[in-house]
Every structure is written in C-alpha cells, then in structure tokens.
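Report on one structure; see the data block that follows.
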Amino acid sequence: MSNIKEFDCRPVSQEGAESPMAWTHQHHESRPAGQNPGVRIAEKAFLGHLILRGGAIVLDEAVRDILGIALPGRPNTMTQNDAGTHSVQWLGPDEWLVIVPGGEEAELETKLRKALGDAHFSIVNVSGGQTVLTLSGANVREVLMKSVVYDVHPSAFPVGKGVTTVFAKATTIIRRPAEDHWELVVRRSFADYTYRWLLDAAAEYGVTQERA
Amino acid sequence: MFHIYCPYCDEYREEEEFHPSGQAHLRRPADPANSTDDEWGGYLFFRDNERGVHHEMWLHAVGCRKFFNMTRNSATYEIYETYKMGERPSVTAENVGDLKRQSGVQAETSGWQTVGARPESESLNEEEQA
Ligand SMILES: [Zn+2]
C-alpha cells in the first residue's frame, strides 16, 4: 500500500454546487428550442474524473478487476461498460482518463491504490477541473468540422474513438461513445468559451440546450 | 502546414497540435561539476543550425503530450521520419542522398532537378556530397 494520504474532496451535500458551466448559464439566456434542432447540447455535470498514469499492463489488471472494463490498449480509443456509465480513455502511452458516476471516484481511487500496491503509478482526481458536454442531433458532425482540426468523418472517427485535440483555440477531449452522440471533455477554464463557441457554430442548424 | 506523424498516437496530426522543441540528441556532460566551461556552455547554449537534414525534438502538446524526435530538412521542410525518444534516426545527413537516389526522386543534397531525372554526370553529385 502506498504512503499517500487520500481524502474525498466531494462535499457531503451537492447543494449549491456549481459545475464549470454555472457562470455561462447565469450570464446567457437559454435559447428557445426550435422545431427539430440540428444540434442538442447537454451537460453531464458532476461526474467523477480520475487521471491514471503508469504502465499499461499493471493498470489494465487493476482496472479490469475493479471496474470490469479493459484498459484501451490502442492509442486514441476508449472502452466503456454496456450501460455507458463507466469509461476509460487513452490519453497518452502512460495516461488514461477514467470517468465514473459522480460520487464513485473516491472509493474507486482507494480500491485502485490498494490493488496497485507498490507499482509505479499515479492517480489524480480531476473531477472539479473539467466537465462533459454531450452533443447529439443530425448536424453535430458539421459543427465539429467547423471547430476542430481533427478529421471527424466516420471513417476516421468511428464509435469508440477519443482524441485530445484543438477545439477552436482551446484544448478539448473529443470522444464518440455511441453512434448517435459525441462527448466533449472540457476544462473548467475553457468551459464558457467552448460552450459559447458551440452555440454560435450550431446556430445555423438550430440548437437546443438541455440544462440540468 | 505540416502533417506530422506522432509515433505515440500512431497517426498523422495537424501541426497546430505540436510544438517544436529544438535540437535532438543533446548529450549532457556526464560529470557537470568537473566539466569545462566550454563543455557545459556548449551543452546549455550552443545549437547546430544545419541547412538540410536536421534532427529535432517536437512535443505533441495538444494530444498525447509526449516529446518525440523528427528528422526534417530545414531547407525544403520535408519530414523524413519521426521516432520515439531513445530511438536512433534511420535518416541522417550521411545517408539521405543514398536513400533518395535509390528511390529515384529528387534529393536536396545531390541536386537532381526533377523527380526521376538522371544526373548528367556522376561527378556532379560526388562534388556536392564531398
Ligand atoms: Zn501524440
């Protein structure tokens, strides 16, 4: 067991908690939902985000045991459970992003630390630093084509892929967990910028925002 | 725009995601405390400014965030190869002319004018290489 002091940084009560989108929602009117919007934007707020670093083989064993998901072995891919609630994404040759339902991250971290023992690894809870936006609708790909330098054509970006790339002028993780929707993992400091860019880029197709 | 192959991401990415990080394969003096000013100063401050084949480090800054190496022609901007840290380049200033001649395309170092063209005289090439 490593000699690391852990603590659960999630408050006992979520009352008054603000996601990285809070400022944006306070300062911008919600757009009225038109008929058949081409793009729907929703936020998956307050999920648990962990950054895992270490050797792929030892991490894979621990993640399989505890989450029941294999560590994605190939670059720029993600794996998830059948319900899509738990996912692991490749970020680099020794770095993965784990996203779990909010509240599970502290327990997961403890279990992983125990399973990994004296192995050379690092786990950082980054839940407060980023949030997940989901994009769905018929025109999502057009909006992404305007926003990112990466090729989002289905032949280059199939379901199960996820990359870190340039979104407008910010760094964003873009992933495609299912055929009908995309996810953006955005940093807190870029959240307002990314969100307003999305609204602007999607305006011509009609856009609705679903607020939690 | 460069289209750069990241050896860690295993695919081509846009130049916008990368950051150049200077000359590659610098050797830190093994014993800094006992190295001469020339050795230490050379290591810290002096870099080659090659015209032609150049080995340099790049960072996949908006991506996997790993450093890797690239062999690039500083005059034509052609990228010959990218390779992981700790690996050795397969294209060097010494062998680039040979590689190009084998594949029959224009080689910057030997001065062939067009793709597939044959040099008028061999000595022309040898002179360039000397
Ligand atoms: Zn990369």
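Each chain of the structure tokens is named A, B, ... in the order shown, its residues numbered from 1; ligands are numbered from 1 in display order.
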
Problem set entry | alpha helix (DSSP H) per DSSP on the backbone: members of segment 93-204 of chain A, as a ChimeraX atom specification | /A:105-116,140-147,188-202

Got time to write the residues from that selection, C-alpha atoms, as a compact mmCIF listing (two decimals), in the first residue's frame?
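Full text of result21.txt as output:
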```txt
# COMPACT_ATOMS: atom_id res chain seq x y z
CA GLU A 105 -14.47 8.38 -7.74
CA ALA A 106 -13.07 8.48 -4.20
CA GLU A 107 -13.92 4.87 -3.50
CA LEU A 108 -12.57 3.85 -6.89
CA GLU A 109 -9.31 5.67 -6.17
CA THR A 110 -8.93 3.86 -2.85
CA LYS A 111 -9.61 0.48 -4.46
CA LEU A 112 -7.17 1.15 -7.29
CA ARG A 113 -4.43 2.25 -4.89
CA LYS A 114 -4.93 -0.91 -2.90
CA ALA A 115 -4.86 -3.10 -5.99
CA LEU A 116 -1.81 -1.39 -7.43
CA VAL A 140 -23.23 17.53 -34.88
CA ARG A 141 -20.59 16.50 -37.38
CA GLU A 142 -20.94 19.76 -39.30
CA VAL A 143 -20.47 21.73 -36.08
CA LEU A 144 -17.39 19.70 -35.19
CA MET A 145 -15.98 20.14 -38.68
CA LYS A 146 -16.10 23.88 -38.15
CA SER A 147 -14.47 23.64 -34.75
CA ARG A 188 -13.22 24.41 -16.33
CA SER A 189 -11.36 27.48 -17.62
CA PHE A 190 -12.33 26.72 -21.23
CA ALA A 191 -15.92 25.70 -20.48
CA ASP A 192 -17.59 29.05 -21.11
CA TYR A 193 -15.54 29.67 -24.25
CA THR A 194 -16.22 26.19 -25.66
CA TYR A 195 -19.92 26.35 -24.85
CA ARG A 196 -20.46 29.74 -26.44
CA TRP A 197 -18.44 28.68 -29.49
CA LEU A 198 -20.74 25.65 -29.81
CA LEU A 199 -23.86 27.78 -29.60
CA ASP A 200 -22.53 30.11 -32.28
CA ALA A 201 -21.31 27.32 -34.57
CA ALA A 202 -24.58 25.41 -34.20
```

Please report as CSV every residue of chain B lying within 12 Å of chain A, along with the nearest atom pair and their distance in Å (one decimal), using only C-alpha atoms.
```
residue,atom,partner,partner_atom,distance
B:Met1,CA,A:Val149,CA,11.6
B:His3,CA,A:Val149,CA,11.2
B:Cys6,CA,A:Pro75,CA,10.7
B:Pro7,CA,A:Pro93,CA,10.2
B:Tyr8,CA,A:Pro93,CA,6.5
B:Cys9,CA,A:Pro75,CA,5.4
B:Asp10,CA,A:Pro75,CA,6.9
B:Glu11,CA,A:Pro75,CA,9.0
B:Tyr12,CA,A:Tyr150,CA,9.7
B:Arg13,CA,A:Tyr150,CA,7.3
B:Glu14,CA,A:Val149,CA,6.7
B:Glu15,CA,A:Val149,CA,9.5
B:Glu16,CA,A:Val166,CA,7.6
B:Glu17,CA,A:Val166,CA,6.7
B:Phe18,CA,A:Thr165,CA,10.2
B:His60,CA,A:Thr165,CA,9.9
B:Ala61,CA,A:Thr165,CA,9.2
B:Val62,CA,A:Thr165,CA,5.5
B:Gly63,CA,A:Thr164,CA,4.8
B:Cys64,CA,A:Gly92,CA,4.4
B:Arg65,CA,A:Gly92,CA,7.1
B:Lys66,CA,A:Gly92,CA,7.5
B:Phe67,CA,A:Gly92,CA,11.2
B:Lys84,CA,A:Pro93,CA,11.4
```

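Atom pair atom CA of Glu43 of chain A / atom CA of Arg175 of chain A has a distance of 14.4 Å (rounded to one decimal).
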
Exercise. If we count only C-alpha atoms, what is near His25 of chain B at a cut-off of 10 Å, once residues fewer than 4 positions away on the same chain are taken out, given as number ranges by chain?
Worked result: B: 55-57, 69, 85-89

Seminar exercise, completed: Among B:His54, B:Tyr83, B:Pro32, B:Phe2, ligand 1 is approached most closely, using only C-alpha atoms and all ligand atoms, by B:Tyr83

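Counting only C-alpha atoms and all ligand atoms and comparing B:Ser35, B:Trp58, B:Leu26, B:Arg51, the residue that lies closest to ligand 1 is B:Trp58.
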
For this session: Find the residue from B:Arg47, B:Arg72, B:Lys100, B:His19 that sits nearest to ligand 1; use only C-alpha atoms and all ligand atoms when measuring.
Result: B:His19

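Of the listed residues (B:Thr36, B:Thr82, B:Thr76, B:Ser90), B:Thr82 comes nearest to ligand 1; the distances count only C-alpha atoms and all ligand atoms.
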
Using only C-alpha atoms, which residues sit within 12 Å of Arg64 of chain A once same-chain residues fewer than 5 positions away are excluded, as a short mmCIF file (atom, residue, chain, number, x, y, z; two decimals) with N, CA and C atoms, in the first residue's frame?
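Now in selection_4.cif:
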```cif
data_model
loop_
_atom_site.label_atom_id
_atom_site.label_comp_id
_atom_site.auth_asym_id
_atom_site.auth_seq_id
_atom_site.Cartn_x
_atom_site.Cartn_y
_atom_site.Cartn_z
N ALA A 56 0.91 0.17 -18.71
CA ALA A 56 -0.37 -0.32 -19.21
C ALA A 56 -0.74 -1.68 -18.61
N ILE A 57 0.23 -2.57 -18.47
CA ILE A 57 -0.08 -3.94 -18.06
C ILE A 57 -0.59 -3.98 -16.62
N VAL A 58 0.12 -3.29 -15.73
CA VAL A 58 -0.28 -3.33 -14.32
C VAL A 58 -1.59 -2.57 -14.11
N LEU A 59 -1.77 -1.45 -14.81
CA LEU A 59 -3.02 -0.69 -14.68
C LEU A 59 -4.20 -1.48 -15.24
N ILE A 69 -13.76 -3.24 -16.81
CA ILE A 69 -13.51 -2.71 -18.16
C ILE A 69 -12.03 -2.88 -18.45
N ALA A 70 -11.71 -3.26 -19.69
CA ALA A 70 -10.30 -3.37 -20.06
C ALA A 70 -9.74 -1.98 -20.33
N LEU A 71 -8.47 -1.79 -20.03
CA LEU A 71 -7.81 -0.54 -20.37
C LEU A 71 -7.67 -0.51 -21.90
N PRO A 72 -8.06 0.60 -22.55
CA PRO A 72 -7.90 0.61 -24.01
C PRO A 72 -6.43 0.50 -24.38
N THR A 79 -12.83 2.63 -23.83
CA THR A 79 -13.66 1.47 -23.56
C THR A 79 -14.69 1.89 -22.51
N GLN A 80 -15.82 1.22 -22.50
CA GLN A 80 -16.85 1.56 -21.51
C GLN A 80 -17.67 0.33 -21.20
N ASN A 81 -18.43 0.40 -20.11
CA ASN A 81 -19.31 -0.72 -19.80
C ASN A 81 -20.56 -0.63 -20.67
N HIS A 86 -19.53 4.00 -17.10
CA HIS A 86 -18.12 3.98 -16.70
C HIS A 86 -17.27 3.86 -17.96
N SER A 87 -16.25 4.71 -18.07
CA SER A 87 -15.42 4.65 -19.27
C SER A 87 -13.96 4.88 -18.93
N VAL A 88 -13.10 4.34 -19.77
CA VAL A 88 -11.65 4.56 -19.66
C VAL A 88 -11.17 4.97 -21.04
N LYS A 111 -9.71 1.88 -4.01
CA LYS A 111 -9.61 0.48 -4.46
C LYS A 111 -8.44 0.30 -5.41
N LEU A 112 -8.26 1.26 -6.33
CA LEU A 112 -7.17 1.15 -7.29
C LEU A 112 -5.82 1.22 -6.58
N ALA A 115 -5.18 -2.06 -5.01
CA ALA A 115 -4.86 -3.10 -5.99
C ALA A 115 -3.48 -2.91 -6.60
N LEU A 116 -3.08 -1.67 -6.76
CA LEU A 116 -1.81 -1.39 -7.43
C LEU A 116 -0.62 -1.51 -6.49
#
```

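With only C-alpha atoms and all ligand atoms as the atoms that count, the residue of B:Leu59, B:Ile79, B:Val53, B:Val91 with the shortest distance to ligand 1 is B:Leu59.
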